[in-house]
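Colleague: CSV, C-alpha atoms, file structure.csv:
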```csv
chain,number,residue,atom,x,y,z
X,1,MET,CA,-2.1,-42.6,-88.8
X,2,THR,CA,-2.3,-40.2,-91.8
X,3,ALA,CA,-1.2,-37.3,-89.6
X,4,ASP,CA,2.3,-38.8,-90.1
X,5,LEU,CA,2.0,-39.2,-93.8
X,6,HIS,CA,4.7,-37.5,-95.9
X,7,ARG,CA,5.2,-39.8,-98.9
X,8,ILE,CA,2.4,-38.3,-101.0
X,9,GLY,CA,1.9,-38.2,-104.7
X,10,ILE,CA,-0.3,-36.1,-107.0
X,11,LYS,CA,-1.0,-36.8,-110.7
X,12,PHE,CA,-2.7,-34.4,-113.1
X,13,PHE,CA,-4.1,-36.3,-116.1
X,14,ASN,CA,-3.4,-35.3,-119.7
X,15,LYS,CA,-6.0,-33.5,-121.7
X,16,THR,CA,-4.0,-33.7,-124.9
X,17,GLY,CA,-0.7,-35.2,-125.9
X,18,GLN,CA,-1.2,-38.9,-125.0
X,19,ASP,CA,0.5,-39.7,-128.3
X,20,VAL,CA,3.7,-37.7,-127.7
X,21,PRO,CA,6.5,-40.4,-127.4
X,22,LEU,CA,7.7,-40.7,-123.8
X,23,THR,CA,11.3,-40.5,-125.0
X,24,ASP,CA,10.6,-36.9,-126.1
X,25,PHE,CA,10.6,-35.9,-122.5
X,26,ILE,CA,14.1,-37.1,-121.8
X,27,PRO,CA,16.0,-34.1,-123.3
X,28,ILE,CA,13.5,-31.7,-121.7
X,29,PHE,CA,14.1,-33.1,-118.3
X,30,HIS,CA,17.9,-33.0,-118.9
X,31,HIS,CA,17.6,-29.3,-119.7
X,32,TRP,CA,15.6,-28.8,-116.5
X,33,ILE,CA,18.5,-30.4,-114.5
X,34,GLN,CA,21.1,-28.3,-116.3
X,35,ASP,CA,19.2,-25.1,-115.9
X,36,LYS,CA,18.0,-25.8,-112.3
X,37,LYS,CA,14.4,-25.1,-113.4
X,38,LEU,CA,12.8,-26.5,-110.2
X,39,ASP,CA,13.4,-25.9,-106.5
X,40,ASP,CA,14.2,-29.6,-105.9
X,41,LEU,CA,17.7,-30.9,-106.2
X,42,LEU,CA,17.4,-32.5,-109.7
X,43,ILE,CA,19.6,-35.6,-110.2
X,44,ASP,CA,18.9,-37.7,-113.2
X,45,VAL,CA,16.4,-38.9,-115.8
X,46,ALA,CA,15.1,-42.5,-116.0
X,47,ASP,CA,13.4,-44.0,-119.1
X,48,TYR,CA,10.7,-46.6,-118.5
X,49,SER,CA,9.0,-46.1,-121.8
X,50,HIS,CA,9.4,-49.8,-122.5
X,51,VAL,CA,7.1,-50.7,-119.6
X,52,PRO,CA,3.5,-50.8,-120.7
X,53,ALA,CA,1.2,-48.7,-118.4
X,54,GLY,CA,4.3,-47.9,-116.3
X,55,PRO,CA,6.2,-45.0,-114.8
X,56,GLY,CA,7.0,-43.5,-118.2
X,57,THR,CA,9.8,-41.0,-118.2
X,58,MET,CA,11.0,-39.9,-114.8
X,59,LEU,CA,12.9,-36.9,-113.5
X,60,ILE,CA,14.7,-38.0,-110.3
X,61,ALA,CA,15.2,-35.5,-107.6
X,62,HIS,CA,16.4,-35.7,-104.0
X,63,GLU,CA,13.1,-34.6,-102.5
X,64,GLY,CA,10.8,-36.6,-104.8
X,65,ASN,CA,10.3,-37.8,-108.3
X,66,TYR,CA,8.5,-36.2,-111.3
X,67,ALA,CA,7.2,-38.2,-114.2
X,68,VAL,CA,5.2,-38.3,-117.4
X,69,ASP,CA,3.4,-41.4,-116.0
X,70,GLU,CA,1.2,-44.0,-117.6
X,71,THR,CA,0.4,-46.1,-114.5
X,72,GLY,CA,-3.2,-47.4,-114.7
X,73,GLY,CA,-3.2,-46.9,-118.4
X,74,ARG,CA,-3.8,-43.1,-118.2
X,75,ARG,CA,-1.1,-40.6,-119.0
X,76,GLY,CA,-0.5,-37.7,-116.7
X,77,PHE,CA,2.2,-35.7,-114.9
X,78,LEU,CA,2.9,-36.7,-111.4
X,79,TYR,CA,5.1,-35.7,-108.5
X,80,TYR,CA,5.6,-37.8,-105.3
X,81,SER,CA,7.6,-36.9,-102.3
X,82,LYS,CA,10.2,-39.4,-101.0
X,83,HIS,CA,11.2,-37.7,-97.7
X,84,GLU,CA,9.6,-35.6,-95.0
X,85,VAL,CA,7.6,-32.7,-96.4
X,86,PRO,CA,7.5,-29.4,-94.6
X,87,GLY,CA,4.1,-28.6,-93.1
X,88,ALA,CA,2.4,-28.9,-89.7
X,89,THR,CA,-0.6,-30.7,-91.0
X,90,LEU,CA,-1.3,-33.2,-93.8
X,91,ALA,CA,-3.3,-30.5,-95.6
X,92,ASP,CA,-0.2,-28.3,-95.5
X,93,ARG,CA,1.9,-31.2,-96.9
X,94,LEU,CA,-0.6,-31.8,-99.7
X,95,ALA,CA,-0.3,-28.2,-100.7
X,96,VAL,CA,3.5,-28.4,-100.8
X,97,VAL,CA,3.4,-31.5,-103.0
X,98,CYS,CA,0.8,-30.0,-105.2
X,99,ARG,CA,2.8,-26.8,-105.6
X,100,ARG,CA,5.9,-28.7,-106.7
X,101,ASN,CA,3.9,-30.6,-109.2
X,102,LEU,CA,2.1,-27.5,-110.6
X,103,ALA,CA,5.4,-25.7,-111.0
X,104,ALA,CA,6.7,-28.5,-113.1
X,105,CYS,CA,3.4,-28.8,-115.0
X,106,LYS,CA,3.6,-25.1,-115.9
X,107,LEU,CA,7.2,-25.5,-117.1
X,108,LEU,CA,6.2,-28.5,-119.3
X,109,GLU,CA,3.2,-26.7,-120.8
X,110,GLU,CA,5.3,-23.7,-121.6
X,111,ASP,CA,8.3,-25.6,-123.0
X,112,GLU,CA,8.9,-25.0,-126.7
X,113,GLU,CA,9.1,-28.7,-127.4
X,114,THR,CA,5.7,-29.5,-125.8
X,115,LYS,CA,3.6,-26.4,-125.5
X,116,ASP,CA,1.6,-27.1,-128.8
X,117,ARG,CA,1.7,-30.9,-128.4
X,118,MET,CA,0.2,-31.5,-124.9
X,119,SER,CA,-1.9,-30.0,-122.1
X,120,LEU,CA,-3.0,-31.2,-118.7
X,121,ASP,CA,-6.5,-31.3,-117.2
X,122,TYR,CA,-6.2,-29.8,-113.7
X,123,GLY,CA,-9.7,-31.0,-112.9
X,124,GLN,CA,-8.8,-34.7,-113.2
X,125,ILE,CA,-6.4,-35.5,-110.3
X,126,GLU,CA,-5.2,-38.6,-108.6
X,127,ILE,CA,-3.8,-38.3,-105.0
X,128,PHE,CA,-2.0,-41.3,-103.5
X,129,SER,CA,0.0,-42.5,-100.6
X,130,ASN,CA,3.4,-44.1,-101.2
X,131,ASP,CA,3.5,-45.1,-97.5
X,132,ARG,CA,1.7,-48.3,-96.6
X,133,LEU,CA,2.4,-47.8,-92.9
X,134,HIS,CA,0.9,-44.3,-92.5
X,135,GLY,CA,-1.4,-44.5,-95.5
X,136,PRO,CA,-2.6,-48.1,-96.1
X,137,ASN,CA,-5.5,-48.7,-98.5
X,138,THR,CA,-8.2,-49.1,-95.9
X,139,ASP,CA,-11.5,-47.6,-94.9
X,140,GLU,CA,-9.8,-46.2,-91.8
X,141,THR,CA,-7.3,-44.3,-93.9
X,142,TRP,CA,-10.1,-43.0,-96.1
X,143,ALA,CA,-12.1,-41.8,-93.0
X,144,GLU,CA,-9.0,-39.8,-91.8
X,145,PHE,CA,-8.0,-38.6,-95.2
X,146,GLU,CA,-11.3,-37.4,-96.6
X,147,PRO,CA,-11.8,-34.3,-94.4
X,148,VAL,CA,-8.2,-33.3,-94.9
X,149,LEU,CA,-8.5,-33.7,-98.6
X,150,LYS,CA,-11.7,-31.6,-98.7
X,151,GLU,CA,-9.9,-28.9,-96.7
X,152,PHE,CA,-7.1,-28.9,-99.3
X,153,LEU,CA,-9.4,-29.0,-102.3
X,154,GLU,CA,-11.4,-26.0,-100.9
X,155,LYS,CA,-8.1,-24.0,-100.9
X,156,LEU,CA,-7.2,-25.2,-104.4
X,157,PHE,CA,-10.6,-25.0,-106.0
X,158,PRO,CA,-12.7,-22.7,-103.7
X,159,GLY,CA,-16.5,-23.2,-104.1
X,160,THR,CA,-16.1,-25.8,-106.9
X,161,ALA,CA,-18.1,-29.0,-107.0
X,162,TYR,CA,-16.3,-32.3,-107.5
X,163,ASP,CA,-16.6,-36.0,-107.1
X,164,LEU,CA,-14.3,-38.2,-105.1
X,165,GLU,CA,-13.6,-41.8,-105.8
X,166,HIS,CA,-11.6,-44.0,-103.4
X,167,ASP,CA,-10.8,-47.5,-104.7
X,168,ASP,CA,-10.4,-49.8,-101.7
X,169,SER,CA,-11.1,-53.0,-103.6
X,170,ASP,CA,-7.5,-54.3,-103.1
X,171,PRO,CA,-5.7,-53.5,-99.8
X,172,ARG,CA,-2.4,-54.5,-101.4
X,173,GLU,CA,-2.7,-51.5,-103.8
X,174,ARG,CA,-1.6,-48.1,-102.6
X,175,PHE,CA,-4.2,-45.8,-101.2
X,176,ARG,CA,-5.5,-43.4,-103.9
X,177,VAL,CA,-8.3,-41.0,-104.5
X,178,THR,CA,-9.4,-39.7,-107.8
X,179,VAL,CA,-10.8,-36.1,-107.8
X,180,SER,CA,-13.0,-35.1,-110.8
X,181,LEU,CA,-14.1,-31.5,-110.9
X,182,LYS,CA,-17.7,-30.9,-112.3
X,183,SER,CA,-16.4,-27.8,-114.2
X,184,ASP,CA,-13.2,-26.8,-116.0
X,185,ALA,CA,-10.3,-26.0,-113.8
X,186,GLU,CA,-8.0,-23.0,-114.1
X,187,LYS,CA,-4.5,-23.3,-115.5
X,188,ALA,CA,-1.4,-24.2,-113.3
X,189,GLU,CA,-0.5,-20.5,-112.8
X,190,GLU,CA,-3.8,-19.6,-111.2
X,191,LEU,CA,-3.8,-22.7,-109.0
X,192,LEU,CA,-0.2,-22.1,-107.9
X,193,ALA,CA,-1.3,-18.6,-106.7
X,194,ARG,CA,-3.7,-20.2,-104.2
X,195,LEU,CA,-1.0,-22.4,-102.7
```
Translate this file's structure into structure tokens.

Modeller:
Amino acid sequence: MTADLHRIGIKFFNKTGQDVPLTDFIPIFHHWIQDKKLDDLLIDVADYSHVPAGPGTMLIAHEGNYAVDETGGRRGFLYYSKHEVPGATLADRLAVVCRRNLAACKLLEEDEETKDRMSLDYGQIEIFSNDRLHGPNTDETWAEFEPVLKEFLEKLFPGTAYDLEHDDSDPRERFRVTVSLKSDAEKAEELLARL
């Protein structure tokens, strides 16, 4: 089942900058589009700042979407794939999605408009499925996904202890796992070098 999962998302939670207005990210994302700052085909910006605990400010790309996201009441930066992701295994595809997200996180933290106003905690991560067919929120999905996730995390955070939390209380919700490192994580640049 999860072997065919491609529509994957990864969210790194904010360490600081929860008070930066979501609308401040709109011109930043427009500059990214104009300057072709990311490898994805960047298309448009969508403003959902009026939606409480919602998708925030989104950068729409052909391959997936980026967002300063507040879903679940916690701000973070996410990327999720919308199409088939290159990679022979699910662990490979997790690495691709994570690499795309980290590249954008690095840009955001280095941007003149935000570098002194926000930072991300790379040790607080949510990984989720946007595909209820190949990644429903069930114990069976978790049983298949957990060893793959551990393989991926060993590559990203070698030798680092962490806690995993899978919330399966509502099968109607999308499958998601929260990863919490027991120590501080490196910056985006160091993590990118491992992927």

Colleague: Using only C-alpha atoms, which of X:Ser81, X:Thr2, X:Ser169, X:Ser183 sits nearest Gln124 of chain X?

Modeller: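 Residue with the minimum atom-to-atom distance to Gln124 of chain X: X:Ser183.
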
Colleague: Under the rule that only C-alpha atoms are counted, which of X:Arg194, X:Ser49, X:Pro171, X:Gly135 is the nearest residue to Phe157 of chain X?

Modeller: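 Answer, going by the shortest atom-to-atom distance: X:Arg194.
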
Colleague: Figure out the distance between atom CA of Ile125 of chain X and atom CA of Thr178 of chain X, please, to one decimal in Å.

Modeller: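 Here the two named atoms are 5.7 Å from each other.
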
Colleague: Go through X:Asp35, X:Glu146, X:Leu5, X:Gly72 one by one, measure the shortest atom-to-atom distance of each to Glu84 of chain X using all atoms listed in the file, and give the residue with the smallest value.

Modeller: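 Ranking X:Asp35, X:Glu146, X:Leu5, X:Gly72 by distance to Glu84 of chain X, first place goes to X:Leu5.
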
Colleague: Which one is closest to Asp69 of chain X: X:Ala103, X:Val96, X:Ile10, X:Ala91? Count all atoms listed in the file.

Modeller: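 Of all the options, X:Ile10 lies closest to Asp69 of chain X.
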
Colleague: Taking only C-alpha atoms into account, which of X:Ala95, X:Cys105, X:Leu59, X:Leu181 comes nearest Leu41 of chain X?

Modeller: X:Leu59

Colleague: X:Val97, X:Leu22, X:Ala88, X:Ala185: which is nearest Gly159 of chain X, counting all atoms listed in the file?

Modeller: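 The answer is X:Ala185, which sits nearest to Gly159 of chain X.
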
Colleague: For atom CA of Asp92 of chain X and atom CA of Asp40 of chain X, determine how far apart the two atoms are, in Å to one decimal place.

Modeller: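 Separation between atom CA of Asp92 of chain X and atom CA of Asp40 of chain X: 17.8 Å.
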
Colleague: Leaving out Asp184 of chain X and any residue of its chain fewer than 5 positions from it, which residues lie within 12 Å of it when counting only C-alpha atoms, given as a PyMOL selection string?

Modeller: chain X and resi 15+120-124+157+160-162

Colleague: Just how far from atom CA of Thr114 of chain X is atom CA of Arg93 of chain X, in Å to one decimal?

Modeller: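 Atom-to-atom, atom CA of Arg93 of chain X and atom CA of Thr114 of chain X are spaced 29.2 Å apart.
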
Colleague: Would you pick out the contacts of Asp163 of chain X at 8 Å or less, using only C-alpha atoms, so that residues sharing its chain but fewer than 6 positions from it are not included, and give the list as a PyMOL selection string?

Modeller: chain X and resi 179-182

Colleague: Could you give me the centre and size, in Å to one decimal, of an axis-aligned box around all listed atoms of segment 35-41 of chain X with 5 Å added on every side, as lines of an AutoDock Vina configuration file?

Modeller:
```
center_x = 16.0
center_y = -28.0
center_z = -110.9
size_x = 16.4
size_y = 15.8
size_z = 20.0
```

Colleague: Counting all atoms listed in the file, note down every residue that has an atom within 10 Å of the point (-5.3, -24.2, -122.4) (file coordinates), as a compact mmCIF listing (two decimals) with C-alpha atoms, keeping the file's coordinate frame.

Modeller:
```txt
# COMPACT_ATOMS: atom_id res chain seq x y z
CA LYS X 15 -6.00 -33.50 -121.70
CA THR X 16 -4.00 -33.70 -124.90
CA GLU X 109 3.20 -26.70 -120.80
CA LYS X 115 3.60 -26.40 -125.50
CA ASP X 116 1.60 -27.10 -128.80
CA MET X 118 0.20 -31.50 -124.90
CA SER X 119 -1.90 -30.00 -122.10
CA LEU X 120 -3.00 -31.20 -118.70
CA ASP X 121 -6.50 -31.30 -117.20
CA GLU X 186 -8.00 -23.00 -114.10
CA LYS X 187 -4.50 -23.30 -115.50
CA ALA X 188 -1.40 -24.20 -113.30
```

Colleague: With only C-alpha atoms counted, which protein, DNA or RNA residues have an atom no more than 6 Å from (3.0, -20.6, -117.4) in the file frame? Please answer as a ChimeraX atom specification.

Modeller: /X:106,110,189

Colleague: Using only C-alpha atoms, determine which residues lie at most 10 Å from His30 of chain X, disregarding the query and same-chain residues fewer than 2 positions distant; provide the list as a list of chain:residue names.

Modeller: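 Once the nearby chain positions are removed, what remains is X:Phe25, X:Ile26, X:Pro27, X:Ile28, X:Trp32, X:Ile33, X:Gln34, X:Asp35, X:Lys36, X:Leu42, X:Ile43, X:Asp44, X:Val45, X:Leu59.
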